[in-house]
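**Student:** entry06.pdb (PDB, N, CA and C atoms) pasted underneath:
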ATOM      1  N   MET A  30       9.579  24.769  80.523
ATOM      2  CA  MET A  30       8.921  25.080  81.777
ATOM      3  C   MET A  30       8.393  26.520  81.729
ATOM      4  N   GLU A  31       7.206  26.710  82.235
ATOM      5  CA  GLU A  31       6.596  28.039  82.208
ATOM      6  C   GLU A  31       7.328  28.979  83.155
ATOM      7  N   ASN A  32       7.310  30.246  82.811
ATOM      8  CA  ASN A  32       7.926  31.265  83.651
ATOM      9  C   ASN A  32       6.916  31.684  84.714
ATOM     10  N   LEU A  33       7.138  31.255  85.963
ATOM     11  CA  LEU A  33       6.213  31.567  87.047
ATOM     12  C   LEU A  33       6.418  33.000  87.514
ATOM     13  N   GLU A  34       5.331  33.627  87.941
ATOM     14  CA  GLU A  34       5.428  34.994  88.432
ATOM     15  C   GLU A  34       6.096  35.023  89.788
ATOM     16  N   ARG A  35       6.916  36.019  90.006
ATOM     17  CA  ARG A  35       7.663  36.119  91.252
ATOM     18  C   ARG A  35       6.754  36.458  92.423
ATOM     19  N   ASN A  36       5.719  37.261  92.191
ATOM     20  CA  ASN A  36       4.858  37.703  93.292
ATOM     21  C   ASN A  36       3.721  36.750  93.591
ATOM     22  N   ASN A  37       3.738  35.587  92.977
ATOM     23  CA  ASN A  37       2.678  34.614  93.222
ATOM     24  C   ASN A  37       3.084  33.711  94.387
ATOM     25  N   ARG A  38       3.282  34.332  95.551
ATOM     26  CA  ARG A  38       3.718  33.618  96.740
ATOM     27  C   ARG A  38       2.683  33.776  97.837
ATOM     28  N   PRO A  39       2.666  32.842  98.793
ATOM     29  CA  PRO A  39       1.705  32.962  99.895
ATOM     30  C   PRO A  39       1.928  34.244 100.692
ATOM     31  N   SER A  40       0.855  34.959 100.954
ATOM     32  CA  SER A  40       0.953  36.168 101.772
ATOM     33  C   SER A  40      -0.129  36.134 102.839
ATOM     34  N   LYS A  41       0.135  36.830 103.936
ATOM     35  CA  LYS A  41      -0.778  36.861 105.072
ATOM     36  C   LYS A  41      -0.892  38.299 105.574
ATOM     37  N   VAL A  42      -1.980  38.590 106.271
ATOM     38  CA  VAL A  42      -2.178  39.905 106.879
ATOM     39  C   VAL A  42      -2.254  39.706 108.384
ATOM     40  N   GLY A  43      -1.464  40.495 109.117
ATOM     41  CA  GLY A  43      -1.439  40.353 110.566
ATOM     42  C   GLY A  43      -1.084  41.650 111.255
ATOM     43  N   THR A  44      -0.963  41.573 112.573
ATOM     44  CA  THR A  44      -0.685  42.730 113.406
ATOM     45  C   THR A  44       0.719  42.618 113.984
ATOM     46  N   VAL A  45       1.446  43.727 113.992
ATOM     47  CA  VAL A  45       2.793  43.732 114.555
ATOM     48  C   VAL A  45       2.686  43.715 116.079
ATOM     49  N   VAL A  46       3.295  42.702 116.704
ATOM     50  CA  VAL A  46       3.245  42.581 118.161
ATOM     51  C   VAL A  46       4.585  42.895 118.811
ATOM     52  N   SER A  47       5.650  42.973 118.012
ATOM     53  CA  SER A  47       6.955  43.341 118.554
ATOM     54  C   SER A  47       7.734  44.069 117.462
ATOM     55  N   ALA A  48       8.182  45.278 117.780
ATOM     56  CA  ALA A  48       8.967  46.059 116.823
ATOM     57  C   ALA A  48       9.974  46.895 117.604
ATOM     58  N   GLY A  49      11.141  47.088 117.033
ATOM     59  CA  GLY A  49      12.138  47.931 117.674
ATOM     60  C   GLY A  49      13.128  47.182 118.540
ATOM     61  N   LYS A  50      12.816  45.945 118.916
ATOM     62  CA  LYS A  50      13.744  45.190 119.751
ATOM     63  C   LYS A  50      14.840  44.550 118.914
ATOM     64  N   MET A  51      14.507  44.206 117.660
ATOM     65  CA  MET A  51      15.482  43.630 116.740
ATOM     66  C   MET A  51      15.625  44.569 115.553
ATOM     67  N   ASN A  52      16.827  44.641 115.011
ATOM     68  CA  ASN A  52      17.062  45.528 113.878
ATOM     69  C   ASN A  52      16.539  44.880 112.592
ATOM     70  N   LYS A  53      15.701  45.609 111.849
ATOM     71  CA  LYS A  53      15.127  45.167 110.577
ATOM     72  C   LYS A  53      14.243  43.929 110.707
ATOM     73  N   THR A  54      13.704  43.680 111.886
ATOM     74  CA  THR A  54      12.840  42.522 112.095
ATOM     75  C   THR A  54      11.625  42.928 112.921
ATOM     76  N   VAL A  55      10.452  42.450 112.507
ATOM     77  CA  VAL A  55       9.230  42.628 113.288
ATOM     78  C   VAL A  55       8.588  41.261 113.477
ATOM     79  N   VAL A  56       7.835  41.127 114.572
ATOM     80  CA  VAL A  56       7.079  39.903 114.818
ATOM     81  C   VAL A  56       5.624  40.208 114.510
ATOM     82  N   VAL A  57       5.032  39.410 113.614
ATOM     83  CA  VAL A  57       3.667  39.631 113.159
ATOM     84  C   VAL A  57       2.793  38.474 113.628
ATOM     85  N   ALA A  58       1.685  38.794 114.281
ATOM     86  CA  ALA A  58       0.734  37.780 114.734
ATOM     87  C   ALA A  58      -0.403  37.687 113.723
ATOM     88  N   VAL A  59      -0.605  36.496 113.174
ATOM     89  CA  VAL A  59      -1.663  36.250 112.194
ATOM     90  C   VAL A  59      -2.734  35.405 112.871
ATOM     91  N   VAL A  60      -3.972  35.897 112.873
ATOM     92  CA  VAL A  60      -5.081  35.189 113.514
ATOM     93  C   VAL A  60      -5.891  34.468 112.451
ATOM     94  N   SER A  61      -6.087  33.177 112.653
ATOM     95  CA  SER A  61      -6.937  32.404 111.758
ATOM     96  C   SER A  61      -7.950  31.651 112.605
ATOM     97  N   SER A  62      -9.107  31.378 112.049
ATOM     98  CA  SER A  62     -10.125  30.646 112.786
ATOM     99  C   SER A  62     -10.416  29.331 112.083
ATOM    100  N   ARG A  63     -10.597  28.307 112.887
ATOM    101  CA  ARG A  63     -10.895  26.987 112.347
ATOM    102  C   ARG A  63     -11.917  26.317 113.248
ATOM    103  N   LYS A  64     -12.533  25.290 112.745
ATOM    104  CA  LYS A  64     -13.538  24.572 113.510
ATOM    105  C   LYS A  64     -12.866  23.432 114.270
ATOM    106  N   HIS A  65     -13.180  23.305 115.556
ATOM    107  CA  HIS A  65     -12.617  22.231 116.370
ATOM    108  C   HIS A  65     -13.121  20.892 115.835
ATOM    109  N   PRO A  66     -12.225  19.907 115.653
ATOM    110  CA  PRO A  66     -12.644  18.656 115.016
ATOM    111  C   PRO A  66     -13.693  17.856 115.791
ATOM    112  N   LEU A  67     -13.654  17.918 117.105
ATOM    113  CA  LEU A  67     -14.612  17.138 117.895
ATOM    114  C   LEU A  67     -15.826  17.964 118.318
ATOM    115  N   TYR A  68     -15.589  19.173 118.820
ATOM    116  CA  TYR A  68     -16.676  19.958 119.406
ATOM    117  C   TYR A  68     -17.324  20.927 118.422
ATOM    118  N   LYS A  69     -16.774  21.078 117.222
ATOM    119  CA  LYS A  69     -17.348  21.898 116.144
ATOM    120  C   LYS A  69     -17.467  23.375 116.482
ATOM    121  N   LYS A  70     -16.793  23.828 117.525
ATOM    122  CA  LYS A  70     -16.813  25.237 117.866
ATOM    123  C   LYS A  70     -15.700  25.948 117.092
ATOM    124  N   VAL A  71     -15.945  27.179 116.664
ATOM    125  CA  VAL A  71     -14.936  27.943 115.941
ATOM    126  C   VAL A  71     -13.911  28.458 116.948
ATOM    127  N   VAL A  72     -12.644  28.128 116.711
ATOM    128  CA  VAL A  72     -11.557  28.472 117.614
ATOM    129  C   VAL A  72     -10.593  29.399 116.887
ATOM    130  N   LYS A  73     -10.184  30.484 117.566
ATOM    131  CA  LYS A  73      -9.197  31.385 116.987
ATOM    132  C   LYS A  73      -7.804  30.848 117.278
ATOM    133  N   GLN A  74      -6.952  30.854 116.258
ATOM    134  CA  GLN A  74      -5.592  30.374 116.417
ATOM    135  C   GLN A  74      -4.643  31.484 115.993
ATOM    136  N   THR A  75      -3.681  31.820 116.850
ATOM    137  CA  THR A  75      -2.726  32.875 116.562
ATOM    138  C   THR A  75      -1.365  32.259 116.277
ATOM    139  N   THR A  76      -0.770  32.656 115.159
ATOM    140  CA  THR A  76       0.560  32.201 114.796
ATOM    141  C   THR A  76       1.456  33.420 114.632
ATOM    142  N   LYS A  77       2.660  33.364 115.189
ATOM    143  CA  LYS A  77       3.590  34.489 115.103
ATOM    144  C   LYS A  77       4.668  34.178 114.072
ATOM    145  N   PHE A  78       4.947  35.162 113.233
ATOM    146  CA  PHE A  78       5.982  35.045 112.220
ATOM    147  C   PHE A  78       6.962  36.199 112.381
ATOM    148  N   LYS A  79       8.251  35.927 112.197
ATOM    149  CA  LYS A  79       9.235  37.003 112.141
ATOM    150  C   LYS A  79       9.357  37.421 110.685
ATOM    151  N   ALA A  80       9.285  38.724 110.444
ATOM    152  CA  ALA A  80       9.315  39.245 109.081
ATOM    153  C   ALA A  80      10.401  40.303 108.953
ATOM    154  N   HIS A  81      10.969  40.383 107.757
ATOM    155  CA  HIS A  81      12.038  41.334 107.471
ATOM    156  C   HIS A  81      11.435  42.688 107.119
ATOM    157  N   ASP A  82      11.833  43.717 107.852
ATOM    158  CA  ASP A  82      11.379  45.094 107.622
ATOM    159  C   ASP A  82      12.617  45.927 107.297
ATOM    160  N   GLU A  83      12.890  46.118 106.016
ATOM    161  CA  GLU A  83      14.159  46.695 105.562
ATOM    162  C   GLU A  83      14.430  48.079 106.128
ATOM    163  N   ASN A  84      13.424  48.943 106.190
ATOM    164  CA  ASN A  84      13.643  50.336 106.597
ATOM    165  C   ASN A  84      13.201  50.624 108.029
ATOM    166  N   ASN A  85      12.874  49.605 108.794
ATOM    167  CA  ASN A  85      12.397  49.772 110.180
ATOM    168  C   ASN A  85      11.225  50.757 110.250
ATOM    169  N   GLU A  86      10.265  50.652 109.334
ATOM    170  CA  GLU A  86       9.154  51.602 109.318
ATOM    171  C   GLU A  86       7.922  51.096 110.051
ATOM    172  N   CYS A  87       7.860  49.820 110.393
ATOM    173  CA  CYS A  87       6.692  49.268 111.088
ATOM    174  C   CYS A  87       6.763  49.598 112.573
ATOM    175  N   GLY A  88       5.594  49.901 113.143
ATOM    176  CA  GLY A  88       5.506  50.180 114.565
ATOM    177  C   GLY A  88       4.587  49.179 115.242
ATOM    178  N   LEU A  89       4.570  49.224 116.546
ATOM    179  CA  LEU A  89       3.741  48.325 117.331
ATOM    180  C   LEU A  89       2.261  48.578 117.045
ATOM    181  N   GLY A  90       1.519  47.532 116.727
ATOM    182  CA  GLY A  90       0.094  47.654 116.473
ATOM    183  C   GLY A  90      -0.276  47.891 115.020
ATOM    184  N   ASP A  91       0.695  48.057 114.137
ATOM    185  CA  ASP A  91       0.407  48.251 112.718
ATOM    186  C   ASP A  91      -0.149  46.970 112.102
ATOM    187  N   THR A  92      -1.033  47.121 111.136
ATOM    188  CA  THR A  92      -1.517  45.985 110.354
ATOM    189  C   THR A  92      -0.690  45.930 109.080
ATOM    190  N   VAL A  93      -0.035  44.784 108.851
ATOM    191  CA  VAL A  93       0.882  44.667 107.724
ATOM    192  C   VAL A  93       0.562  43.428 106.901
ATOM    193  N   GLU A  94       1.001  43.464 105.646
ATOM    194  CA  GLU A  94       0.909  42.287 104.780
ATOM    195  C   GLU A  94       2.313  41.725 104.636
ATOM    196  N   ILE A  95       2.460  40.414 104.884
ATOM    197  CA  ILE A  95       3.766  39.774 104.772
ATOM    198  C   ILE A  95       3.710  38.717 103.680
ATOM    199  N   MET A  96       4.858  38.502 103.029
ATOM    200  CA  MET A  96       4.938  37.548 101.931
ATOM    201  C   MET A  96       6.077  36.575 102.198
ATOM    202  N   GLU A  97       5.857  35.324 101.848
ATOM    203  CA  GLU A  97       6.884  34.309 102.035
ATOM    204  C   GLU A  97       8.043  34.564 101.082
ATOM    205  N   THR A  98       9.264  34.343 101.571
ATOM    206  CA  THR A  98      10.457  34.555 100.766
ATOM    207  C   THR A  98      11.507  33.523 101.166
ATOM    208  N   ARG A  99      12.705  33.654 100.615
ATOM    209  CA  ARG A  99      13.761  32.717 100.996
ATOM    210  C   ARG A  99      14.153  32.957 102.447
ATOM    211  N   HIS A 100      14.833  32.021 103.072
ATOM    212  CA  HIS A 100      15.256  32.193 104.460
ATOM    213  C   HIS A 100      16.246  33.342 104.554
ATOM    214  N   ILE A 101      15.945  34.297 105.416
ATOM    215  CA  ILE A 101      16.820  35.433 105.633
ATOM    216  C   ILE A 101      17.696  35.167 106.858
ATOM    217  N   SER A 102      17.147  34.454 107.824
ATOM    218  CA  SER A 102      17.921  34.010 108.978
ATOM    219  C   SER A 102      17.341  32.668 109.415
ATOM    220  N   LYS A 103      17.719  32.223 110.596
ATOM    221  CA  LYS A 103      17.306  30.892 111.062
ATOM    222  C   LYS A 103      15.788  30.726 111.068
ATOM    223  N   ASP A 104      15.075  31.716 111.589
ATOM    224  CA  ASP A 104      13.618  31.586 111.670
ATOM    225  C   ASP A 104      12.882  32.778 111.062
ATOM    226  N   LYS A 105      13.503  33.462 110.119
ATOM    227  CA  LYS A 105      12.863  34.597 109.450
ATOM    228  C   LYS A 105      12.779  34.301 107.963
ATOM    229  N   TYR A 106      11.555  33.980 107.488
ATOM    230  CA  TYR A 106      11.374  33.668 106.073
ATOM    231  C   TYR A 106      10.131  34.346 105.507
ATOM    232  N   TYR A 107       9.806  35.502 106.059
ATOM    233  CA  TYR A 107       8.756  36.370 105.528
ATOM    234  C   TYR A 107       9.335  37.767 105.422
ATOM    235  N   ARG A 108       8.754  38.596 104.536
ATOM    236  CA  ARG A 108       9.149  39.997 104.468
ATOM    237  C   ARG A 108       7.895  40.851 104.407
ATOM    238  N   VAL A 109       8.002  42.069 104.905
ATOM    239  CA  VAL A 109       6.873  42.992 104.919
ATOM    240  C   VAL A 109       6.699  43.548 103.521
ATOM    241  N   VAL A 110       5.496  43.353 102.950
ATOM    242  CA  VAL A 110       5.205  43.868 101.611
ATOM    243  C   VAL A 110       4.717  45.302 101.711
ATOM    244  N   LYS A 111       3.726  45.526 102.584
ATOM    245  CA  LYS A 111       3.212  46.889 102.751
ATOM    246  C   LYS A 111       2.545  47.009 104.108
ATOM    247  N   ILE A 112       2.443  48.248 104.553
ATOM    248  CA  ILE A 112       1.728  48.542 105.794
ATOM    249  C   ILE A 112       0.299  48.875 105.402
ATOM    250  N   VAL A 113      -0.634  48.025 105.810
ATOM    251  CA  VAL A 113      -2.035  48.217 105.444
ATOM    252  C   VAL A 113      -2.636  49.378 106.236
ATOM    253  N   GLU A 114      -2.352  49.407 107.557
ATOM    254  CA  GLU A 114      -2.902  50.475 108.411
ATOM    255  C   GLU A 114      -1.937  50.748 109.545
ATOM    256  N   LYS A 115      -1.630  52.018 109.760
ATOM    257  CA  LYS A 115      -0.768  52.395 110.857
ATOM    258  C   LYS A 115      -1.566  52.421 112.165
ATOM    259  N   ALA A 116      -0.895  52.116 113.271
ATOM    260  CA  ALA A 116      -1.548  52.160 114.580
ATOM    261  C   ALA A 116      -1.794  53.608 114.981
ATOM    262  N   ARG A 117      -2.817  53.812 115.778
ATOM    263  CA  ARG A 117      -3.149  55.183 116.183
ATOM    264  C   ARG A 117      -2.422  55.575 117.444
TER     265      ARG A 117
END
Do you think you could lay out the structure here as structure tokens?
**Tutor:**
Amino acid sequence: MENLERNNRPSKVGTVVSAGKMNKTVVVAVVSSRKHPLYKKVVKQTTKFKAHDENNECGLGDTVEIMETRHISKDKYYRVVKIVEKAR
């Protein structure tokens, strides 16, 4: 069996919508757009993911990249890879 790369996992870019309320956890909102099946209009869809932030460095409004990982808790299976842009 081939040796698969560890970093070849699904990753997403989103905005932190909740930080500081949970220890080492941030909630990231990822916006994706898709075409409505019947009306063909482009619709924005927002999905929220809980991500593991080891050093509590993410703040509200930051743009972050998250990567899928093993389950860390009941509903936390993403981790923050890097902060793309800090909020102003």
**Student:** Using DSSP on the backbone coordinates, identify the residues of chain A assigned to strand (DSSP E); present them as a ChimeraX atom specification.
**Tutor:** /A:40-51,54-64,71-81,92-97,105-114
**Student:** For the structure shown, which residues end up in the PyMOL selection byres ((chain A and resi 101-117) around 7)? Put them as a ChimeraX atom specification, please?
**Tutor:** /A:78-83,88-100
**Student:** Under the rule that only C-alpha atoms are counted, which of A:Tyr68, A:Arg38, A:Gly43, A:Lys73 is the nearest residue to Val56 in chain A?
**Tutor:**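 Closest to Val56 in chain A, using only C-alpha atoms: A:Gly43.
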**Student:** Interatomic distance between atom C of Val72 in chain A and atom N of Asn37 in chain A?
**Tutor:** 28.6 Å
**Student:** Kindly give the distance, in Å, that separates CA of Ser47 in chain A and atom N of Gln74 in chain A, rounded to a single decimal.
**Tutor:**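 Between CA of Ser47 in chain A and atom N of Gln74 in chain A the gap works out to 18.8 Å.
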**Student:** Please indicate the distance in Å from atom C of Val46 in chain A to CA of Lys64 in chain A, rounded to one decimal place.
**Tutor:** 26.3 Å
**Student:** Restricting the calculation to only N, CA and C atoms: of A:Ser40, A:Asn84, A:Lys70, A:Thr75, which residue gets closest to Ala58 in chain A?
**Tutor:**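 Checking each candidate against Ala58 in chain A, we get A:Thr75 as the closest.
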**Student:** So for range 51-66 of chain A, what box centre and size do we get, axis-aligned, 6 Å extra on each of the six sides, every listed atom, Å to one decimal, as AutoDock Vina command-line options?
**Tutor:**
--center_x 1.7 --center_y 31.7 --center_z 114.1 --size_x 42.8 --size_y 39.8 --size_z 19.1
